[in-house]
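Undergrad: Below is the file my_file15.cif, with mmCIF, C-alpha atoms and all ligand atoms.
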data_coords
#
loop_
_atom_site.label_atom_id
_atom_site.label_comp_id
_atom_site.auth_asym_id
_atom_site.auth_seq_id
_atom_site.Cartn_x
_atom_site.Cartn_y
_atom_site.Cartn_z
CA MET C 1 6.82 -21.99 16.50
CA PRO C 2 4.91 -20.84 19.58
CA LEU C 3 1.30 -19.75 18.99
CA LEU C 4 0.64 -16.85 21.35
CA GLU C 5 -2.87 -16.26 22.66
CA ASN C 6 -4.81 -12.99 23.00
CA TYR C 7 -1.93 -11.04 21.43
CA ALA C 8 -1.98 -7.21 21.39
CA LEU C 9 -1.88 -5.73 17.85
CA LYS C 10 -1.85 -2.02 18.77
CA GLN C 11 1.88 -1.64 17.96
CA LEU C 12 1.51 -3.78 14.83
CA ASN C 13 -0.98 -1.65 12.87
CA THR C 14 -0.11 1.91 11.80
CA PHE C 15 -3.64 3.16 12.61
CA GLY C 16 -2.71 2.30 16.22
CA VAL C 17 -6.07 0.64 16.83
CA ASP C 18 -6.15 -1.22 20.14
CA VAL C 19 -7.25 -4.78 19.31
CA ASN C 20 -6.07 -8.30 20.09
CA ALA C 21 -5.62 -11.43 18.01
CA LYS C 22 -7.02 -14.71 19.33
CA LEU C 23 -3.80 -16.39 18.12
CA TYR C 24 -0.52 -14.94 16.85
CA VAL C 25 2.65 -16.38 15.39
CA GLU C 26 5.78 -14.78 13.94
CA ILE C 27 7.40 -16.43 10.93
CA PHE C 28 11.12 -16.16 10.11
CA SER C 29 11.48 -18.73 7.31
CA GLU C 30 9.58 -20.85 4.80
CA ALA C 31 10.30 -23.83 7.11
CA ASP C 32 8.42 -22.00 9.89
CA LEU C 33 5.39 -21.70 7.61
CA LEU C 34 5.50 -25.40 6.83
CA GLU C 35 5.71 -26.24 10.52
CA VAL C 36 2.84 -23.94 11.54
CA PHE C 37 0.50 -25.04 8.76
CA SER C 38 1.18 -28.74 9.22
CA ASN C 39 -0.95 -28.43 12.36
CA GLN C 40 -4.56 -29.15 11.33
CA ALA C 41 -5.93 -27.15 14.28
CA VAL C 42 -4.15 -24.07 12.91
CA LYS C 43 -5.81 -24.50 9.50
CA GLU C 44 -9.25 -24.47 11.14
CA ASN C 45 -8.75 -20.89 12.25
CA LYS C 46 -9.52 -17.79 10.24
CA LEU C 47 -6.20 -16.46 8.93
CA LEU C 48 -4.74 -12.99 8.57
CA VAL C 49 -1.27 -12.43 7.08
CA LEU C 50 0.39 -9.38 8.62
CA GLY C 51 3.30 -7.39 7.23
CA GLY C 52 3.83 -3.89 8.62
CA GLY C 53 0.09 -3.37 9.25
CA SER C 54 0.17 -0.12 7.24
CA ASN C 55 -2.72 -0.88 4.91
CA MET C 56 -5.32 -2.22 7.29
CA LEU C 57 -8.02 -1.13 9.71
CA PHE C 58 -9.12 -3.46 12.49
CA THR C 59 -12.77 -2.85 13.40
CA LYS C 60 -12.74 -5.50 16.15
CA ASP C 61 -10.51 -8.09 17.82
CA TYR C 62 -9.26 -10.63 15.30
CA ASP C 63 -11.00 -13.91 16.03
CA GLY C 64 -8.41 -16.13 14.36
CA LEU C 65 -4.70 -16.58 13.71
CA VAL C 66 -2.52 -13.60 12.78
CA VAL C 67 0.66 -14.70 10.96
CA LYS C 68 3.30 -11.97 11.10
CA ILE C 69 5.85 -12.32 8.28
CA SER C 70 9.43 -11.52 9.32
CA ILE C 71 11.39 -13.45 6.67
CA LYS C 72 14.59 -11.47 6.07
CA GLY C 73 17.44 -11.45 3.55
CA ILE C 74 18.54 -9.57 0.44
CA ASP C 75 20.26 -11.22 -2.52
CA VAL C 76 21.61 -9.46 -5.62
CA LYS C 77 22.36 -10.95 -9.05
CA GLU C 78 23.67 -9.21 -12.15
CA ASP C 79 21.84 -9.80 -15.44
CA GLY C 80 23.59 -7.73 -18.11
CA ASN C 81 22.80 -4.11 -17.32
CA ASP C 82 20.01 -5.21 -15.00
CA ILE C 83 20.19 -6.10 -11.33
CA LEU C 84 17.90 -8.75 -9.94
CA VAL C 85 17.27 -7.94 -6.28
CA THR C 86 15.51 -10.61 -4.24
CA ALA C 87 14.30 -9.69 -0.77
CA GLY C 88 12.60 -11.67 1.97
CA ALA C 89 8.92 -10.79 2.48
CA GLY C 90 9.62 -9.44 5.97
CA GLU C 91 12.21 -6.89 4.86
CA VAL C 92 11.08 -3.31 5.47
CA TRP C 93 10.19 -1.85 2.06
CA ASP C 94 11.81 1.54 2.62
CA SER C 95 15.04 -0.05 3.87
CA LEU C 96 15.20 -1.98 0.59
CA VAL C 97 14.64 1.27 -1.34
CA LYS C 98 17.48 2.94 0.61
CA TYR C 99 19.76 -0.05 -0.07
CA CYS C 100 19.00 0.10 -3.82
CA VAL C 101 19.40 3.88 -4.00
CA ALA C 102 22.75 3.67 -2.14
CA ASN C 103 23.96 1.05 -4.64
CA GLU C 104 22.59 3.02 -7.61
CA TYR C 105 20.10 0.36 -8.64
CA ALA C 106 17.41 2.35 -10.42
CA GLY C 107 13.68 1.72 -10.58
CA ILE C 108 12.14 2.09 -7.13
CA GLU C 109 13.37 5.56 -6.09
CA ASN C 110 9.88 7.06 -6.62
CA LEU C 111 8.55 4.53 -4.10
CA THR C 112 10.66 5.98 -1.27
CA LEU C 113 9.12 6.15 2.21
CA ILE C 114 6.13 3.89 1.55
CA PRO C 115 5.62 2.06 4.86
CA GLY C 116 5.30 -1.71 5.11
CA THR C 117 7.09 -4.80 3.93
CA VAL C 118 8.47 -6.30 0.73
CA GLY C 119 5.92 -9.15 0.92
CA ALA C 120 3.01 -6.73 0.73
CA SER C 121 4.44 -4.80 -2.23
CA PRO C 122 2.80 -7.02 -4.88
CA ILE C 123 -0.46 -7.46 -2.95
CA GLN C 124 -1.89 -4.06 -3.92
CA ASN C 125 0.79 -3.33 -6.56
CA ILE C 126 2.07 -0.40 -4.50
CA GLY C 127 2.50 2.81 -6.41
CA ALA C 128 3.48 6.43 -6.08
CA TYR C 129 4.62 9.29 -8.31
CA GLY C 130 3.93 7.46 -11.57
CA VAL C 131 5.71 4.19 -10.68
CA GLU C 132 4.07 0.92 -9.64
CA ILE C 133 5.71 -2.25 -8.42
CA LYS C 134 4.56 -3.99 -11.61
CA ASP C 135 7.08 -1.81 -13.51
CA VAL C 136 10.03 -3.55 -11.81
CA PHE C 137 8.48 -6.82 -10.64
CA GLU C 138 10.29 -9.94 -11.90
CA SER C 139 8.72 -12.73 -9.80
CA CYS C 140 7.78 -13.76 -6.29
CA THR C 141 7.66 -16.96 -4.33
CA ALA C 142 4.63 -17.77 -2.19
CA PHE C 143 3.61 -20.49 0.25
CA GLU C 144 0.36 -22.22 -0.73
CA ILE C 145 -1.60 -22.69 2.47
CA ALA C 146 -3.66 -25.65 1.22
CA THR C 147 -0.68 -27.73 0.01
CA GLY C 148 2.35 -26.38 1.88
CA GLN C 149 4.16 -25.93 -1.45
CA ILE C 150 6.23 -22.94 -2.51
CA LYS C 151 5.09 -21.62 -5.90
CA THR C 152 6.70 -19.04 -8.16
CA PHE C 153 4.60 -16.27 -9.70
CA SER C 154 5.72 -14.38 -12.81
CA LYS C 155 4.54 -10.83 -13.47
CA ALA C 156 1.83 -12.17 -15.80
CA ASP C 157 0.61 -14.59 -13.09
CA CYS C 158 0.09 -11.70 -10.66
CA GLY C 159 -2.60 -9.89 -12.68
CA PHE C 160 -1.41 -6.46 -11.60
CA ALA C 161 -3.72 -3.47 -12.03
CA TYR C 162 -4.22 -0.16 -10.22
CA ARG C 163 -3.85 -1.10 -6.50
CA GLU C 164 -4.81 -4.68 -7.41
CA SER C 165 -3.29 -8.12 -7.92
CA VAL C 166 -4.38 -11.73 -8.08
CA PHE C 167 -3.54 -11.99 -4.35
CA LYS C 168 -6.36 -9.53 -3.56
CA GLY C 169 -8.62 -11.14 -6.16
CA LYS C 170 -9.17 -14.74 -7.15
CA LEU C 171 -6.31 -16.12 -5.00
CA LYS C 172 -7.24 -14.09 -1.92
CA GLY C 173 -6.35 -15.91 1.29
CA GLN C 174 -4.61 -18.80 -0.52
CA PHE C 175 -0.94 -17.72 -0.62
CA ILE C 176 1.63 -16.12 1.65
CA VAL C 177 4.35 -14.24 -0.25
CA THR C 178 7.78 -15.32 1.05
CA ALA C 179 10.17 -13.35 -1.23
CA VAL C 180 10.01 -10.91 -4.14
CA THR C 181 12.50 -10.35 -6.98
CA TYR C 182 12.69 -6.92 -8.62
CA ARG C 183 14.40 -6.19 -11.95
CA LEU C 184 16.29 -2.93 -11.44
CA SER C 185 18.77 -1.21 -13.72
CA ARG C 186 22.20 0.39 -13.62
CA THR C 187 20.86 2.93 -16.11
CA ALA C 188 18.40 5.30 -14.48
CA LYS C 189 15.29 6.30 -16.43
CA LEU C 190 14.15 8.86 -13.89
CA GLN C 191 10.46 9.77 -13.73
CA THR C 192 10.21 13.30 -12.41
CA HIS C 193 7.13 14.67 -14.20
CA TYR C 194 4.66 13.48 -11.53
CA GLY C 195 3.26 15.56 -8.71
CA ALA C 196 5.70 18.12 -7.29
CA ILE C 197 8.98 16.25 -8.06
CA ASN C 198 10.18 18.55 -10.85
CA ALA C 199 9.20 21.69 -8.95
CA GLU C 200 11.09 20.53 -5.85
CA LEU C 201 14.18 19.57 -7.91
CA GLU C 202 14.08 23.03 -9.49
CA ARG C 203 13.70 24.69 -6.10
CA ARG C 204 16.87 22.86 -5.00
CA GLY C 205 18.73 23.97 -8.13
CA ILE C 206 19.15 20.38 -9.37
CA THR C 207 19.16 20.21 -13.18
CA THR C 208 20.58 16.70 -13.76
CA PRO C 209 19.12 14.65 -10.91
CA THR C 210 20.56 11.35 -9.70
CA ILE C 211 18.60 8.40 -8.30
CA ALA C 212 19.46 9.68 -4.81
CA ASP C 213 18.18 13.19 -5.65
CA VAL C 214 14.81 11.83 -6.77
CA SER C 215 14.55 9.62 -3.69
CA GLU C 216 15.37 12.55 -1.38
CA VAL C 217 12.90 14.86 -3.11
CA VAL C 218 10.11 12.26 -2.95
CA ALA C 219 10.88 11.76 0.75
CA ALA C 220 10.76 15.51 1.41
CA ILE C 221 7.43 15.96 -0.40
CA ARG C 222 5.91 13.00 1.45
CA VAL C 223 7.10 14.21 4.85
CA SER C 224 5.60 17.65 4.17
CA LYS C 225 2.20 16.24 3.11
CA LEU C 226 1.59 13.00 4.98
CA PRO C 227 1.16 12.26 8.69
CA ASP C 228 3.93 10.13 10.20
CA PRO C 229 2.25 6.96 11.54
CA SER C 230 4.69 6.87 14.47
CA THR C 231 3.10 10.06 15.80
CA ILE C 232 -0.41 10.06 14.29
CA GLY C 233 -2.13 6.81 13.37
CA ASN C 234 -3.12 6.35 9.72
CA ALA C 235 -2.92 3.89 6.84
CA GLY C 236 -2.11 6.29 4.00
CA SER C 237 -4.76 6.88 1.35
CA PHE C 238 -7.97 5.44 2.72
CA PHE C 239 -9.73 5.31 -0.67
CA LYS C 240 -8.65 4.46 -4.21
CA ASN C 241 -8.80 7.08 -6.92
CA PRO C 242 -12.07 6.38 -8.79
CA ILE C 243 -11.80 5.39 -12.44
CA ILE C 244 -14.90 6.27 -14.45
CA SER C 245 -16.09 6.07 -18.05
CA GLN C 246 -15.61 8.98 -20.46
CA PRO C 247 -19.37 9.75 -20.83
CA VAL C 248 -19.84 9.84 -17.03
CA PHE C 249 -16.77 12.07 -16.80
CA ASP C 250 -18.08 14.43 -19.52
CA ASP C 251 -21.25 15.03 -17.43
CA LEU C 252 -19.17 15.69 -14.29
CA LEU C 253 -16.84 18.08 -16.10
CA ALA C 254 -19.83 20.11 -17.28
CA GLN C 255 -20.88 20.58 -13.64
CA PHE C 256 -17.37 20.90 -12.11
CA PRO C 257 -15.08 22.43 -14.75
CA ASP C 258 -12.00 22.44 -12.47
CA ILE C 259 -12.21 18.75 -11.48
CA PRO C 260 -8.68 17.20 -11.73
CA HIS C 261 -8.58 14.22 -14.07
CA TYR C 262 -6.02 11.93 -15.69
CA PRO C 263 -6.19 9.35 -18.48
CA ALA C 264 -6.68 5.78 -17.24
CA PRO C 265 -6.42 2.44 -19.10
CA ASP C 266 -9.18 1.51 -21.60
CA GLY C 267 -10.02 5.12 -22.41
CA ARG C 268 -11.46 5.69 -18.94
CA VAL C 269 -10.72 8.66 -16.68
CA LYS C 270 -9.06 8.72 -13.24
CA LEU C 271 -10.27 11.24 -10.67
CA ALA C 272 -8.33 12.35 -7.57
CA ALA C 273 -10.26 10.97 -4.58
CA GLY C 274 -8.52 13.49 -2.29
CA TRP C 275 -9.89 16.41 -4.36
CA LEU C 276 -13.45 15.01 -4.29
CA ILE C 277 -13.29 14.58 -0.50
CA GLU C 278 -11.82 18.04 0.01
CA ALA C 279 -14.51 19.56 -2.23
CA CYS C 280 -17.10 18.08 0.14
CA GLY C 281 -15.54 20.10 2.97
CA PHE C 282 -13.71 17.26 4.70
CA LYS C 283 -10.07 18.41 4.60
CA GLY C 284 -8.64 18.67 8.14
CA VAL C 285 -12.00 17.78 9.71
CA VAL C 286 -11.87 16.34 13.23
CA GLU C 287 -14.73 14.02 14.16
CA GLY C 288 -14.42 12.52 17.62
CA ASN C 289 -11.06 10.74 17.75
CA THR C 290 -10.80 10.43 13.98
CA GLY C 291 -10.77 12.80 11.00
CA THR C 292 -9.06 13.66 7.74
CA TRP C 293 -5.47 14.89 7.57
CA LYS C 294 -5.00 18.68 7.32
CA ASN C 295 -2.70 18.44 4.28
CA GLN C 296 -4.38 15.56 2.43
CA ALA C 297 -8.09 14.77 2.86
CA LEU C 298 -7.58 11.28 1.41
CA VAL C 299 -5.79 10.19 4.59
CA LEU C 300 -7.97 9.31 7.58
CA VAL C 301 -6.24 9.63 10.92
CA ASN C 302 -6.46 8.45 14.50
CA HIS C 303 -6.11 11.51 16.73
CA GLY C 304 -5.69 9.17 19.71
CA GLY C 305 -7.91 6.43 21.08
CA ALA C 306 -10.01 6.02 17.92
CA THR C 307 -11.62 2.62 17.49
CA GLY C 308 -11.66 0.94 14.10
CA GLN C 309 -15.47 1.18 14.15
CA GLU C 310 -15.25 4.95 14.59
CA VAL C 311 -12.86 5.33 11.64
CA TYR C 312 -14.98 2.99 9.52
CA ARG C 313 -18.20 4.93 10.28
CA PHE C 314 -16.44 8.19 9.37
CA SER C 315 -15.30 6.61 6.07
CA GLU C 316 -18.94 5.70 5.35
CA LYS C 317 -19.97 9.30 5.90
CA ILE C 318 -17.31 10.42 3.41
CA ILE C 319 -18.41 7.83 0.84
CA ASN C 320 -22.07 8.92 1.14
CA THR C 321 -21.27 12.64 0.93
CA VAL C 322 -19.02 12.23 -2.14
CA GLN C 323 -21.66 10.07 -3.81
CA GLN C 324 -24.37 12.67 -3.19
CA LYS C 325 -22.29 15.57 -4.51
CA PHE C 326 -20.52 13.90 -7.47
CA GLY C 327 -22.42 10.64 -8.08
CA VAL C 328 -19.06 8.83 -7.73
CA LEU C 329 -18.69 5.79 -5.47
CA LEU C 330 -15.41 5.76 -3.53
CA GLU C 331 -13.90 2.34 -2.86
CA ARG C 332 -11.75 1.75 0.22
CA GLU C 333 -8.07 0.98 -0.48
CA VAL C 334 -7.37 0.04 3.13
CA ASN C 335 -8.14 -3.60 4.03
CA ILE C 336 -10.88 -3.82 6.65
CA PHE C 337 -10.80 -6.62 9.25
P1 LIG D 401 -0.12 -4.95 5.71
O1 LIG D 401 -0.87 -3.72 6.01
O2 LIG D 401 0.42 -5.73 6.84
O3 LIG D 401 -1.02 -5.89 4.81
C1 LIG D 401 -1.73 -5.37 3.70
C2 LIG D 401 -2.44 -6.53 2.97
O4 LIG D 401 -1.48 -7.39 2.40
C3 LIG D 401 -3.27 -7.40 3.93
O5 LIG D 401 -4.38 -7.89 3.22
C4 LIG D 401 -2.31 -8.54 4.27
O6 LIG D 401 -2.99 -9.72 4.64
C5 LIG D 401 -1.57 -8.71 2.95
N1 LIG D 401 -0.17 -9.18 3.14
C6 LIG D 401 0.84 -8.55 3.79
N2 LIG D 401 1.97 -9.26 3.70
C7 LIG D 401 1.68 -10.36 2.97
C8 LIG D 401 2.44 -11.50 2.52
N3 LIG D 401 3.73 -11.65 2.81
N4 LIG D 401 1.80 -12.45 1.80
C9 LIG D 401 0.47 -12.33 1.50
N5 LIG D 401 -0.29 -11.29 1.89
C10 LIG D 401 0.31 -10.32 2.61
N6 LIG D 401 0.60 2.43 -0.53
C11 LIG D 401 0.91 2.66 -1.83
O7 LIG D 401 0.64 1.83 -2.70
N7 LIG D 401 1.54 3.82 -2.19
C12 LIG D 401 1.88 4.78 -1.30
O8 LIG D 401 2.47 5.80 -1.67
C13 LIG D 401 1.55 4.55 0.09
N8 LIG D 401 1.83 5.50 1.02
C14 LIG D 401 1.48 5.28 2.32
C15 LIG D 401 1.79 6.27 3.26
C16 LIG D 401 1.48 6.07 4.60
C17 LIG D 401 1.81 7.16 5.61
C18 LIG D 401 0.88 4.84 5.01
C19 LIG D 401 0.59 4.60 6.46
C20 LIG D 401 0.55 3.87 4.06
C21 LIG D 401 0.85 4.08 2.71
N9 LIG D 401 0.56 3.12 1.72
C22 LIG D 401 0.90 3.34 0.41
C23 LIG D 401 -0.13 1.87 2.08
C24 LIG D 401 0.84 0.74 2.56
O9 LIG D 401 2.05 1.28 3.02
C25 LIG D 401 1.15 -0.25 1.46
O10 LIG D 401 -0.04 -0.83 0.97
C26 LIG D 401 2.09 -1.36 1.92
O11 LIG D 401 2.46 -2.19 0.85
C27 LIG D 401 1.48 -2.22 3.02
O12 LIG D 401 2.50 -3.05 3.53
P2 LIG D 401 2.36 -3.80 4.91
O13 LIG D 401 3.51 -4.73 5.04
O14 LIG D 401 2.18 -2.83 6.00
O15 LIG D 401 1.03 -4.61 4.66
P1 LIG D 402 -0.74 14.47 -5.48
O1 LIG D 402 0.64 14.55 -6.04
O2 LIG D 402 -1.31 15.64 -4.75
O3 LIG D 402 -1.74 14.09 -6.66
C1 LIG D 402 -3.14 13.95 -6.40
C2 LIG D 402 -3.67 12.82 -7.25
O4 LIG D 402 -3.51 13.14 -8.61
C3 LIG D 402 -2.94 11.56 -6.96
O5 LIG D 402 -3.90 10.71 -6.45
C4 LIG D 402 -2.38 11.09 -8.29
O6 LIG D 402 -2.85 9.79 -8.64
C5 LIG D 402 -2.94 12.05 -9.31
N1 LIG D 402 -1.85 12.58 -10.16
C6 LIG D 402 -0.99 13.60 -9.89
N2 LIG D 402 -0.18 13.80 -10.93
C7 LIG D 402 -0.52 12.89 -11.87
C8 LIG D 402 -0.05 12.59 -13.17
N3 LIG D 402 0.96 13.29 -13.73
N4 LIG D 402 -0.62 11.57 -13.84
C9 LIG D 402 -1.61 10.85 -13.31
N5 LIG D 402 -2.10 11.08 -12.07
C10 LIG D 402 -1.57 12.10 -11.37
O7 LIG D 402 -0.89 13.17 -4.56
P2 LIG D 402 -0.35 12.89 -3.09
O8 LIG D 402 -1.50 12.57 -2.23
O9 LIG D 402 0.63 13.93 -2.68
O10 LIG D 402 0.44 11.52 -3.33
C11 LIG D 402 1.60 11.50 -4.13
C12 LIG D 402 1.83 10.10 -4.66
O11 LIG D 402 2.02 9.20 -3.58
C13 LIG D 402 0.64 9.58 -5.48
O12 LIG D 402 1.13 8.81 -6.53
C14 LIG D 402 -0.10 8.71 -4.48
O13 LIG D 402 -0.76 7.61 -5.09
C15 LIG D 402 1.03 8.20 -3.57
N6 LIG D 402 0.53 7.98 -2.21
C16 LIG D 402 -0.20 6.86 -1.98
C17 LIG D 402 -0.69 6.59 -0.70
C18 LIG D 402 -1.44 5.31 -0.44
O14 LIG D 402 -1.67 4.98 0.71
N7 LIG D 402 -1.82 4.57 -1.45
C19 LIG D 402 -0.45 7.47 0.33
C20 LIG D 402 0.27 8.63 0.05
C21 LIG D 402 0.76 8.88 -1.22
P3 LIG D 402 -2.20 8.41 -8.12
O15 LIG D 402 -2.55 8.31 -6.67
O16 LIG D 402 -2.89 7.38 -8.95
O17 LIG D 402 -0.73 8.46 -8.35
#
Would you give me this structure, written as structure tokens?
Ligand code: FAD
Ligand code: NAP

TA:
Amino acid sequence: MPLLENYALKQLNTFGVDVNAKLYVEIFSEADLLEVFSNQAVKENKLLVLGGGSNMLFTKDYDGLVVKISIKGIDVKEDGNDILVTAGAGEVWDSLVKYCVANEYAGIENLTLIPGTVGASPIQNIGAYGVEIKDVFESCTAFEIATGQIKTFSKADCGFAYRESVFKGKLKGQFIVTAVTYRLSRTAKLQTHYGAINAELERRGITTPTIADVSEVVAAIRVSKLPDPSTIGNAGSFFKNPIISQPVFDDLLAQFPDIPHYPAPDGRVKLAAGWLIEACGFKGVVEGNTGTWKNQALVLVNHGGATGQEVYRFSEKIINTVQQKFGVLLEREVNIF
């Protein structure tokens, strides 16, 4: 596998930040991984695993090896009424969703149009419209960098939580996901109560929606609200929704009676980060080459020529302003390099 030097990453991150990697290699199979990591010199470099680059912000050139995962392939097995779909880590996530919707395999239709790859889907336990990957995750295989072995992770092994997994936590930097298996179903249990899905189905006169209807409606809502990374650089929601304790929430509610809130695990309360940011006056703000999206303040954008440093500094300003107004600390969802 050729290691390329001083490789341009501008087309490989959806923020469109213009940076280079000291070294770059593209991987098409588990055998490629074994070959690359059998070279001791490679192991001495800092390592960044790259999927679709849709959940990262580069603040400088990457002074190490970028390993782009392009392992392809989709395999389907029947298991009673369930369908076990295994996809290579380099498959485009939304293409897999389209494939499953077309074949009437239910379970991931609410996750339509999320950018990125299959291999990244368990990393932050991707989620949208009330469904998370943990709801359909069966297992994944991953290459252990230290040993060169392929290990299998069950759902329990992955330690999934809101936008979290073991791969972002205690095993960070140790494994490269090579394939993921999802347990889907021939019997759809559609989730339409979240966000504007029901309202949009109603507007279309659909009373008994199919998997394809839900997927189409989710796609339409997303297109209307979110900037398309192919025309305006962004990495989706820049911050996680904060989860706070009930007593802290009770104090906030007394001051801000219309604050949106949702129940979270362990009796805590989830706030909508986008609402907090908008309430601080940031929606649609343009600051230099960066800013917040006009339809969703949670999304930071590159209006053209923004550096990662510029976007990062703007995110700090947002964090500080939200903290001053609400006493709530926003945590970045986007991975910073
Ligand atoms: P990358 O950005 O390339 O990588 C993300 C992280 O995962 C990095 O730390 C990387 O090192 C690691 N990684 C990637 N591949 C592997 C692998 N094979 N093995 C080990 N580690 C790996 N996210 C949601 O959860 N829900 C949404 O609804 C959503 N909507 C979005 C909308 C837009 C417009 C955009 C731009 C982003 C959105 N995102 C959303 C964020 C993003 O699409 C997801 O997090 C996605 O899973 C990232 O995939 P990727 O392949 O681009 O990962
Ligand atoms: P939205 O529908 O305007 O909702 C705003 C916030 O309220 C969301 O953050 C959502 O939390 C929460 N929410 C709404 N209805 C809820 C319910 N019934 N129960 C619990 N929480 C509820 O949000 P949006 O910005 O248009 O995004 C729609 C969906 O796509 C959301 O699920 C969002 O997470 C996902 N999305 C994610 C990204 C990303 O990069 N991570 C980017 C775009 C969209 P949750 O975010 O926890 O769902």

Undergrad: Using all atoms listed in the file, find each residue of stretch 191-286 of chain C with at least one atom at most 8 Å away from an atom of stretch 314-323 of chain C; report its shortest atom-to-atom pair and that distance in Å (one decimal), sort the rows by chain and rising residue number, and return the result as a Markdown table.

TA:
| residue | atom | partner | partner_atom | distance |
| --- | --- | --- | --- | --- |
| C:Leu276 | CA | C:Val322 | CA | 6.6 |
| C:Ile277 | CA | C:Val322 | CA | 6.4 |
| C:Cys280 | CA | C:Val322 | CA | 6.6 |
| C:Phe282 | CA | C:Ile318 | CA | 7.8 |

Undergrad: Write the selection just made, keeping C-alpha atoms, as an mmCIF file, keeping the file's coordinate frame?

TA:
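Output (result33.cif):
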data_model
loop_
_atom_site.group_PDB
_atom_site.id
_atom_site.type_symbol
_atom_site.label_atom_id
_atom_site.label_comp_id
_atom_site.auth_asym_id
_atom_site.auth_seq_id
_atom_site.Cartn_x
_atom_site.Cartn_y
_atom_site.Cartn_z
ATOM 1 C CA LEU C 276 -13.450 15.010 -4.290
ATOM 2 C CA ILE C 277 -13.290 14.580 -0.500
ATOM 3 C CA CYS C 280 -17.100 18.080 0.140
ATOM 4 C CA PHE C 282 -13.710 17.260 4.700
#

Undergrad: Got a sec: who's within 8 Å of C:Ala106, counting only C-alpha atoms, leaving out chain neighbours fewer than 6 positions off, as a list in words?

TA: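 Everything that qualifies: Cys100, Leu184, Ser185, Arg186, Thr187, Ala188, Lys189 and Ile211 of chain C.
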
Undergrad: If we count all atoms listed in the file and set the cut-off at 9 Å, which residues sit around C:Ser165, ignoring sequence neighbours fewer than 4 positions away in its own chain? Please answer as number ranges by chain.

TA: C: 122-125, 158-161, 169-170

Undergrad: Check the smallest atom-to-atom distance from each of C:Arg183, C:Arg163, C:Arg332, C:Lys283 to C:Asp82 using only C-alpha atoms, then report the winner.

TA: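 Closest to C:Asp82 of all the choices is C:Arg183.
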
Undergrad: With ligand LIG 401 (chain D) as the partner and 7 Å as the cut-off, tabulate the residues of chain C that qualify, each row holding the nearest pair of atoms and their distance in Å to one decimal, using only C-alpha atoms and all ligand atoms, sorted by chain and rising number, as a tab-separated table.

TA:
residue	atom	partner	partner_atom	distance
C:Thr14	CA	D:LIG401	C19	6.0
C:Leu48	CA	D:LIG401	O6	5.4
C:Val49	CA	D:LIG401	O6	4.0
C:Leu50	CA	D:LIG401	O2	4.1
C:Gly51	CA	D:LIG401	O2	3.3
C:Gly52	CA	D:LIG401	O14	3.3
C:Gly53	CA	D:LIG401	O2	3.4
C:Ser54	CA	D:LIG401	O14	3.6
C:Asn55	CA	D:LIG401	O1	3.6
C:Met56	CA	D:LIG401	O1	4.9
C:Ile69	CA	D:LIG401	N3	5.9
C:Ala89	CA	D:LIG401	N3	5.3
C:Leu111	CA	D:LIG401	O8	6.7
C:Ile114	CA	D:LIG401	N8	4.6
C:Pro115	CA	D:LIG401	O9	4.1
C:Gly116	CA	D:LIG401	O14	3.4
C:Thr117	CA	D:LIG401	O13	3.7
C:Val118	CA	D:LIG401	O13	6.8
C:Gly119	CA	D:LIG401	N3	3.8
C:Ala120	CA	D:LIG401	N2	4.0
C:Ser121	CA	D:LIG401	O11	4.5
C:Ile123	CA	D:LIG401	O4	5.4
C:Gln124	CA	D:LIG401	O10	6.1
C:Asn125	CA	D:LIG401	O7	6.4
C:Ile126	CA	D:LIG401	O7	3.2
C:Gly127	CA	D:LIG401	O7	4.3
C:Ala128	CA	D:LIG401	O8	4.6
C:Arg163	CA	D:LIG401	O7	6.6
C:Phe175	CA	D:LIG401	C9	6.0
C:Ile176	CA	D:LIG401	N4	3.7
C:Val177	CA	D:LIG401	N4	3.7
C:Thr178	CA	D:LIG401	N3	5.7
C:Leu226	CA	D:LIG401	C17	5.9
C:Pro227	CA	D:LIG401	C17	6.0
C:Asp228	CA	D:LIG401	C17	5.9
C:Pro229	CA	D:LIG401	C19	5.8
C:Asn234	CA	D:LIG401	C19	5.2
C:Ala235	CA	D:LIG401	C19	3.6
C:Gly236	CA	D:LIG401	C18	3.5
C:Ser237	CA	D:LIG401	C21	6.4
C:Asn335	CA	D:LIG401	O5	5.8
